[in-house]
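Trainee: To be precise about what I am sending: the file is called upload_7.cif and holds mmCIF, C-alpha atoms.
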data_work
loop_
_atom_site.label_atom_id
_atom_site.label_comp_id
_atom_site.auth_asym_id
_atom_site.auth_seq_id
_atom_site.Cartn_x
_atom_site.Cartn_y
_atom_site.Cartn_z
CA MET M 1 5.35 -5.63 -28.86
CA HIS M 2 4.60 -9.14 -27.67
CA ILE M 3 3.03 -9.69 -24.30
CA LEU M 4 1.38 -12.69 -22.69
CA VAL M 5 -2.35 -12.25 -22.10
CA ASN M 6 -3.78 -14.93 -19.82
CA GLY M 7 -0.92 -17.14 -20.92
CA ASP M 8 -1.34 -16.57 -24.68
CA SER M 9 1.19 -14.61 -26.73
CA ARG M 10 -0.37 -11.47 -28.21
CA GLU M 11 0.90 -8.54 -30.25
CA VAL M 12 -0.22 -5.12 -29.01
CA ARG M 13 0.55 -1.62 -30.26
CA ALA M 14 -0.63 0.22 -27.13
CA ALA M 15 2.01 1.27 -24.64
CA ASP M 16 -0.21 1.50 -21.57
CA LEU M 17 -2.53 -1.03 -19.96
CA ALA M 18 -5.80 0.88 -20.46
CA ALA M 19 -5.19 1.24 -24.21
CA ALA M 20 -4.00 -2.35 -24.50
CA LEU M 21 -7.21 -3.62 -22.91
CA GLU M 22 -9.24 -1.65 -25.47
CA GLU M 23 -7.11 -3.05 -28.26
CA LEU M 24 -7.54 -6.60 -26.96
CA GLY M 25 -11.34 -6.34 -26.91
CA TYR M 26 -11.96 -5.73 -23.21
CA GLY M 27 -13.50 -2.29 -23.66
CA GLY M 28 -16.29 -1.74 -21.13
CA ALA M 29 -15.88 -5.18 -19.58
CA VAL M 30 -15.99 -5.76 -15.83
CA ILE M 31 -12.49 -7.09 -15.23
CA ALA M 32 -9.54 -6.90 -12.87
CA THR M 33 -5.96 -6.83 -14.05
CA ALA M 34 -2.51 -7.86 -12.91
CA VAL M 35 0.81 -7.36 -14.68
CA ASN M 36 3.70 -9.69 -13.85
CA GLY M 37 1.77 -10.91 -10.82
CA GLN M 38 1.12 -7.44 -9.42
CA PHE M 39 -2.45 -6.18 -9.13
CA VAL M 40 -3.03 -3.04 -11.20
CA PRO M 41 -6.10 -1.14 -9.95
CA MET M 42 -8.46 0.25 -12.55
CA GLY M 43 -7.41 3.82 -11.82
CA ASN M 44 -3.77 3.02 -12.53
CA ARG M 45 -4.33 1.36 -15.91
CA PRO M 46 -3.83 4.53 -18.01
CA THR M 47 -0.41 5.13 -16.45
CA ALA M 48 0.72 1.49 -16.26
CA ARG M 49 3.33 1.12 -19.01
CA LEU M 50 3.62 -2.24 -20.74
CA ASN M 51 6.94 -3.72 -21.79
CA GLU M 52 7.94 -6.48 -24.15
CA GLY M 53 7.30 -9.88 -22.56
CA ASP M 54 5.03 -8.60 -19.79
CA GLU M 55 2.56 -11.11 -18.42
CA LEU M 56 -0.94 -9.67 -18.24
CA GLU M 57 -3.74 -11.42 -16.37
CA VAL M 58 -7.30 -10.32 -17.07
CA LEU M 59 -9.89 -11.80 -14.73
CA ALA M 60 -13.66 -11.52 -14.82
CA PRO M 61 -16.46 -12.52 -12.43
CA MET M 62 -17.10 -16.24 -12.42
CA GLN M 63 -19.19 -18.74 -10.49
CA GLY M 64 -17.54 -19.95 -7.32
CA GLY M 65 -18.05 -22.01 -4.18
CA MET O 1 -29.32 -13.05 14.09
CA LEU O 2 -26.03 -14.20 12.64
CA ARG O 3 -23.28 -11.60 12.77
CA LEU O 4 -20.39 -11.88 10.29
CA TYR O 5 -18.13 -8.86 10.72
CA GLU O 6 -20.58 -5.92 10.63
CA ALA O 7 -23.31 -7.77 8.72
CA GLU O 8 -26.38 -9.01 10.55
CA LEU O 9 -28.09 -11.87 8.77
CA ARG O 10 -31.22 -13.89 9.27
CA SER O 11 -30.14 -16.79 7.06
CA ARG O 12 -27.54 -19.29 8.25
CA LEU O 13 -27.23 -20.90 4.84
CA LEU O 14 -24.58 -19.48 2.51
CA LEU O 15 -24.71 -20.70 -1.07
CA GLY O 16 -22.04 -21.17 -3.71
CA THR O 17 -22.86 -20.21 -7.29
CA ALA O 18 -20.89 -22.83 -9.24
CA ARG O 19 -21.98 -25.82 -11.32
CA TYR O 20 -25.71 -25.11 -11.65
CA PRO O 21 -27.48 -26.38 -14.76
CA SER O 22 -28.45 -22.83 -15.77
CA PRO O 23 -28.43 -19.24 -14.48
CA ALA O 24 -32.19 -19.46 -13.94
CA VAL O 25 -31.80 -22.52 -11.71
CA LEU O 26 -29.05 -20.74 -9.76
CA THR O 27 -31.28 -17.74 -9.16
CA GLU O 28 -34.21 -19.87 -8.03
CA ALA O 29 -31.96 -21.98 -5.81
CA VAL O 30 -30.70 -18.82 -4.06
CA ARG O 31 -34.29 -17.77 -3.58
CA ALA O 32 -35.37 -21.21 -2.28
CA ALA O 33 -32.40 -21.34 0.10
CA GLY O 34 -33.23 -17.89 1.46
CA ALA O 35 -29.49 -17.27 1.24
CA GLU O 36 -28.25 -13.79 2.02
CA ILE O 37 -24.64 -14.50 1.05
CA VAL O 38 -23.43 -16.13 -2.16
CA THR O 39 -19.84 -16.97 -2.99
CA VAL O 40 -18.30 -15.89 -6.29
CA SER O 41 -14.91 -16.10 -7.96
CA LEU O 42 -12.68 -14.69 -10.69
CA ARG O 43 -11.32 -16.47 -13.74
CA ARG O 44 -9.42 -15.56 -16.89
CA GLU O 45 -11.50 -13.99 -19.62
CA ALA O 46 -10.47 -13.74 -23.26
CA GLY O 47 -10.89 -10.41 -25.04
CA GLY O 48 -14.24 -10.22 -26.83
CA GLU O 49 -15.52 -13.14 -24.78
CA ARG O 50 -18.42 -12.38 -22.48
CA ALA O 51 -18.76 -15.38 -20.13
CA GLY O 52 -17.70 -13.34 -17.13
CA GLN O 53 -19.82 -10.40 -18.19
CA GLY O 54 -22.87 -12.68 -18.41
CA PHE O 55 -22.25 -13.94 -14.90
CA TRP O 56 -21.70 -10.37 -13.72
CA SER O 57 -25.23 -9.47 -14.80
CA ILE O 58 -26.57 -12.49 -12.86
CA VAL O 59 -24.68 -11.34 -9.76
CA GLN O 60 -26.08 -7.86 -10.13
CA SER O 61 -29.63 -9.18 -10.36
CA LEU O 62 -29.11 -11.39 -7.29
CA VAL O 63 -27.90 -8.36 -5.37
CA ARG O 64 -30.67 -6.10 -6.65
CA ASP O 65 -33.63 -8.50 -6.58
CA LEU O 66 -32.81 -10.80 -3.68
CA GLY O 67 -30.65 -8.49 -1.60
CA VAL O 68 -27.76 -10.93 -1.32
CA ARG O 69 -24.19 -10.00 -0.44
CA VAL O 70 -21.33 -11.48 -2.44
CA LEU O 71 -18.36 -13.21 -0.86
CA PRO O 72 -15.51 -13.44 -3.40
CA ASN O 73 -13.19 -16.42 -2.95
CA THR O 74 -9.57 -17.09 -3.82
CA ALA O 75 -10.31 -20.63 -5.01
CA GLY O 76 -7.49 -22.38 -6.78
CA CYS O 77 -4.75 -20.22 -5.27
CA HIS O 78 -1.80 -22.26 -4.07
CA SER O 79 0.48 -19.50 -2.81
CA VAL O 80 0.20 -16.53 -0.49
CA LYS O 81 1.05 -14.13 -3.33
CA GLU O 82 -1.59 -15.58 -5.65
CA ALA O 83 -4.24 -15.45 -2.95
CA VAL O 84 -3.41 -11.88 -1.91
CA THR O 85 -3.38 -10.63 -5.52
CA THR O 86 -6.65 -12.44 -6.28
CA ALA O 87 -8.24 -10.93 -3.17
CA HIS O 88 -7.32 -7.44 -4.38
CA MET O 89 -8.74 -8.18 -7.82
CA GLY O 90 -11.94 -9.51 -6.26
CA ARG O 91 -12.30 -6.44 -4.06
CA GLU O 92 -12.14 -4.18 -7.09
CA VAL O 93 -14.52 -6.20 -9.26
CA PHE O 94 -17.13 -7.06 -6.63
CA GLY O 95 -16.86 -3.89 -4.55
CA THR O 96 -16.53 -5.63 -1.19
CA SER O 97 -13.77 -6.01 1.38
CA TRP O 98 -15.00 -9.48 2.23
CA VAL O 99 -12.85 -12.34 1.00
CA LYS O 100 -13.24 -16.07 1.48
CA LEU O 101 -9.56 -16.83 1.73
CA GLU O 102 -8.44 -20.15 0.30
CA VAL O 103 -4.81 -21.14 0.06
CA ILE O 104 -4.84 -24.69 -1.26
CA GLY O 105 -2.04 -26.96 -0.11
CA GLU O 106 -2.75 -30.22 -1.86
CA ASP O 107 -4.65 -31.04 -5.03
CA GLU O 108 -6.20 -34.40 -4.17
CA THR O 109 -7.97 -33.25 -1.02
CA LEU O 110 -7.90 -29.47 -1.65
CA GLN O 111 -6.77 -29.27 1.97
CA PRO O 112 -5.91 -25.73 3.07
CA ASP O 113 -2.24 -24.83 3.36
CA VAL O 114 -2.75 -23.47 6.85
CA PHE O 115 0.73 -21.91 7.04
CA GLY O 116 0.13 -19.91 3.86
CA LEU O 117 -3.41 -19.20 5.04
CA ILE O 118 -2.25 -17.50 8.23
CA GLU O 119 0.36 -15.47 6.35
CA ALA O 120 -2.12 -14.37 3.68
CA ALA O 121 -4.75 -13.54 6.32
CA ARG O 122 -2.29 -11.30 8.18
CA ILE O 123 -1.46 -9.41 4.99
CA LEU O 124 -5.07 -8.97 3.90
CA LEU O 125 -6.33 -7.93 7.33
CA SER O 126 -3.61 -5.26 7.45
CA GLU O 127 -4.86 -4.05 4.06
CA GLY O 128 -8.42 -3.58 5.25
CA PHE O 129 -9.98 -6.85 4.14
CA GLU O 130 -12.54 -8.76 6.20
CA VAL O 131 -11.21 -12.27 5.92
CA PHE O 132 -13.26 -15.47 5.99
CA PRO O 133 -10.49 -18.11 6.14
CA TYR O 134 -11.15 -21.59 4.78
CA THR O 135 -9.34 -23.65 7.39
CA THR O 136 -9.21 -27.02 9.07
CA GLU O 137 -10.40 -27.87 12.59
CA ASP O 138 -6.89 -27.35 13.98
CA LEU O 139 -7.07 -25.36 17.22
CA ILE O 140 -3.69 -23.67 16.92
CA VAL O 141 -4.32 -22.55 13.38
CA ALA O 142 -7.66 -21.13 14.54
CA GLU O 143 -5.92 -19.31 17.37
CA ARG O 144 -3.37 -17.78 14.97
CA LEU O 145 -6.10 -16.69 12.57
CA LEU O 146 -8.01 -15.04 15.39
CA GLU O 147 -4.85 -13.37 16.69
CA ALA O 148 -4.28 -12.01 13.19
CA GLY O 149 -7.72 -10.38 13.37
CA CYS O 150 -10.11 -12.81 11.68
CA ARG O 151 -13.56 -12.56 13.23
CA VAL O 152 -15.03 -15.47 11.31
CA LEU O 153 -13.62 -18.96 10.76
CA MET O 154 -14.68 -21.36 8.02
CA PRO O 155 -13.56 -24.85 9.05
CA TRP O 156 -14.03 -27.66 6.56
CA GLY O 157 -16.48 -30.48 7.16
CA SER O 158 -14.62 -32.73 4.71
CA PRO O 159 -12.82 -32.20 1.39
CA ILE O 160 -14.45 -29.74 -1.02
CA GLY O 161 -17.07 -31.41 -3.19
CA SER O 162 -16.76 -34.78 -1.41
CA GLY O 163 -20.20 -34.74 0.19
CA ARG O 164 -18.91 -36.73 3.16
CA GLY O 165 -20.29 -34.46 5.86
CA LEU O 166 -18.51 -33.72 9.13
CA ASN O 167 -15.43 -35.89 8.89
CA ASN O 168 -13.85 -35.19 12.26
CA LEU O 169 -16.63 -34.68 14.78
CA PHE O 170 -14.29 -34.71 17.75
CA GLY O 171 -12.05 -32.05 16.24
CA LEU O 172 -14.94 -29.84 15.18
CA LYS O 173 -16.59 -30.10 18.61
CA ALA O 174 -13.30 -29.17 20.25
CA LEU O 175 -12.94 -26.16 17.94
CA ARG O 176 -16.50 -25.04 18.68
CA ALA O 177 -15.98 -25.41 22.43
CA ARG O 178 -12.55 -23.76 22.49
CA PHE O 179 -13.68 -20.60 20.66
CA ALA O 180 -17.31 -20.47 21.73
CA GLU O 181 -17.83 -16.79 20.88
CA VAL O 182 -16.34 -16.84 17.37
CA ALA O 183 -18.63 -17.00 14.35
CA MET O 184 -17.93 -20.25 12.50
CA VAL O 185 -19.28 -21.34 9.15
CA ILE O 186 -18.79 -24.97 8.13
CA ASP O 187 -17.46 -24.79 4.61
CA ALA O 188 -16.96 -27.72 2.29
CA GLY O 189 -17.89 -31.37 2.25
CA ILE O 190 -21.54 -31.15 3.23
CA GLY O 191 -23.49 -33.58 1.07
CA VAL O 192 -27.04 -33.79 2.36
CA PRO O 193 -29.30 -31.67 4.57
CA SER O 194 -28.76 -33.92 7.60
CA HIS O 195 -25.05 -32.97 7.55
CA ALA O 196 -26.03 -29.31 7.65
CA ALA O 197 -28.50 -29.92 10.47
CA GLN O 198 -25.77 -31.72 12.42
CA ALA O 199 -23.40 -28.76 12.00
CA LEU O 200 -25.99 -26.35 13.36
CA GLU O 201 -26.95 -28.75 16.18
CA LEU O 202 -23.30 -28.74 17.27
CA GLY O 203 -23.43 -24.98 17.59
CA PHE O 204 -21.78 -23.92 14.35
CA ASP O 205 -23.28 -20.64 13.24
CA ALA O 206 -23.88 -21.37 9.57
CA VAL O 207 -22.96 -23.60 6.65
CA LEU O 208 -21.77 -22.87 3.13
CA ILE O 209 -23.13 -25.27 0.53
CA ASN O 210 -22.43 -25.46 -3.18
CA THR O 211 -22.07 -28.85 -4.87
CA ALA O 212 -24.71 -30.56 -2.72
CA VAL O 213 -27.28 -28.14 -4.11
CA SER O 214 -26.00 -27.44 -7.62
CA GLN O 215 -25.42 -31.11 -8.44
CA ALA O 216 -28.67 -32.39 -6.96
CA ARG O 217 -31.20 -33.76 -9.44
CA ASP O 218 -33.43 -30.81 -8.50
CA PRO O 219 -31.21 -28.03 -7.16
CA ILE O 220 -34.10 -25.73 -6.28
CA ALA O 221 -35.86 -28.38 -4.19
CA MET O 222 -32.55 -29.32 -2.57
CA ALA O 223 -31.88 -25.67 -1.69
CA ALA O 224 -35.25 -25.56 0.08
CA ALA O 225 -34.44 -28.82 1.88
CA PHE O 226 -31.14 -27.37 3.12
CA ALA O 227 -32.93 -24.24 4.35
CA GLN O 228 -35.27 -26.41 6.43
CA ALA O 229 -32.37 -28.50 7.77
CA VAL O 230 -30.41 -25.41 8.78
CA ALA O 231 -33.44 -23.93 10.52
CA ALA O 232 -34.11 -27.24 12.31
CA GLY O 233 -30.49 -27.65 13.34
CA ARG O 234 -30.30 -24.14 14.75
CA ALA O 235 -33.61 -24.55 16.61
CA ALA O 236 -32.35 -27.83 18.07
CA TYR O 237 -29.10 -26.24 19.20
CA LEU O 238 -31.01 -23.46 20.97
CA ALA O 239 -33.35 -26.04 22.52
CA GLY O 240 -30.38 -27.87 24.07
CA PRO O 241 -29.94 -31.43 22.77
CA MET O 242 -29.81 -34.28 25.30
CA GLU O 243 -26.47 -35.89 26.13
CA PRO O 244 -25.97 -39.26 24.41
CA ARG O 245 -25.35 -42.29 26.63
CA ASP O 246 -24.08 -45.78 26.00
CA LEU O 247 -26.84 -47.81 27.62
CA ALA O 248 -30.61 -47.70 27.38
CA ALA O 249 -32.64 -45.49 29.67
CA PRO O 250 -36.37 -46.25 29.63
CA SER O 251 -38.45 -43.30 28.63
CA THR O 252 -41.63 -44.72 30.09
CA PRO O 253 -41.62 -44.52 33.92
CA LEU O 254 -41.14 -47.89 35.65
CA ILE O 255 -42.96 -46.78 38.78
CA GLY O 256 -46.50 -48.11 38.82
CA GLN O 257 -45.87 -50.77 36.21
CA ALA O 258 -48.31 -53.70 36.47
CA PHE O 259 -47.06 -56.97 37.95
CA LEU O 260 -48.38 -59.55 35.48
CA LYS O 261 -46.19 -62.60 36.02
#
Before anything else, please render the file you have as structure tokens.

Mentor:
Amino acid sequence: MHILVNGDSREVRAADLAAALEELGYGGAVIATAVNGQFVPMGNRPTARLNEGDELEVLAPMQGG
Amino acid sequence: MLRLYEAELRSRLLLGTARYPSPAVLTEAVRAAGAEIVTVSLRREAGGERAGQGFWSIVQSLVRDLGVRVLPNTAGCHSVKEAVTTAHMGREVFGTSWVKLEVIGEDETLQPDVFGLIEAARILLSEGFEVFPYTTEDLIVAERLLEAGCRVLMPWGSPIGSGRGLNNLFGLKALRARFAEVAMVIDAGIGVPSHAAQALELGFDAVLINTAVSQARDPIAMAAAFAQAVAAGRAAYLAGPMEPRDLAAPSTPLIGQAFLK
């Protein structure tokens, strides 16, 4: 299915968020996730189902003021 | 000691981590500043990319080697929903309930949207966050933030990154006087150490500096200069500065002056 990952259209086979993150190359990375604007805690990723057209945000630590 | 929520801190200089020439310079600037709190953020990361992971290892070494605490921000958020979601994401990644809450209202000045700020603060405080709101010097906004449960305020000196110092001295003095017992950190707009010293002399509890250090020709030396200015400003505040006056007052006694005409 197609989903938007950080604004870019991507094709993923995985049906849940945890598997999709592995598939997209985020395995082991320190990240936080939100789907369609809703925060998805790390513990909920394996049970968070993804649907066609979902908007996934993947954020990582960054310098800030 | 400076108390921010339950944390007791010796340093009154908080340092941002953005726009340094290199990670090594950032680390040495934190050390030179003697900072015990550094601000951090979250940004999009592409799969397979490791920019964020590289910064994560720097954060971990700052925490481990220098004992700093991290204060995640919600920089760039323009709505309550964005800011609240970003705060949750920051809490998970950085493992802290602290959040420097920014709800930006206007892009040219990066002025806080104080209406959204109050709403977001209420939500986050009810969800167990310890909120450090980036606000203006407005007294009523401050009152609402304190009513919501904020125990620290972060009024701006002047627009973020402008380096213009304390733009509204009258307003900031009024804020300091009105809420004398509340911890206040001047955030944004400080350009040179004398601005920081002035903030501490006025009784503000601390300052948060980023661009003025990271964009200096020598950020490490500038971090040390800010540390000295903050210490001097605090010492001066405790010593009780004299009241300014409009006309001269001779410092040398007139009594006993020779009559030589």

Trainee: Since I can't run it myself right now, could you work out what the PyMOL selection byres ((chain M and resi 35-41) around 9) selects here and report it as a list in words?

Mentor: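 So the PyMOL selection byres ((chain M and resi 35-41) around 9) ends up selecting Leu17, Ala32, Thr33, Ala34, Met42, Gly43, Asn44, Arg45, Ala48, Leu50, Asp54, Glu55, Leu56, Glu57 and Val58 of chain M; Lys81, Glu82, Thr85, Thr86, His88, Met89 and Glu92 of chain O.
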
Trainee: Please find the residues of chain O near chain M - the criterion being any atom within 9 Å, counting only C-alpha atoms - and write them as a PyMOL selection string.

Mentor: chain O and resi 15-19+38-56+59+72-73+75+81-82+85-86+88-90+92-94+188+208-211

Trainee: Of the candidates O:Ser11, O:Thr135, O:Val70, O:Ala121, which one gets nearest to Glu147 in chain O if we count all atoms listed in the file?

Mentor: O:Ala121

Trainee: When distances are computed from all atoms listed in the file, which of O:Leu2, O:Gly240, O:Ala174, O:Arg217 shows the smallest separation from Glu201 in chain O?

Mentor: O:Gly240

Trainee: Specify as a list in words each residue included when the PyMOL selection byres ((chain O and resi 115) around 12) is applied to this file.

Mentor: His78, Ser79, Val80, Glu102, Val103, Ile104, Gly105, Gln111, Pro112, Asp113, Val114, Gly116, Leu117, Ile118, Glu119, Ala120, Ala121, Arg122, Pro133, Thr135, Thr136, Asp138, Ile140, Val141, Ala142, Arg144 and Leu145 of chain O

Trainee: Quick one: pull the distance between CA of Ala212 in chain O and CA of Ser22 in chain O, Å, one decimal.

Mentor: 15.6 Å
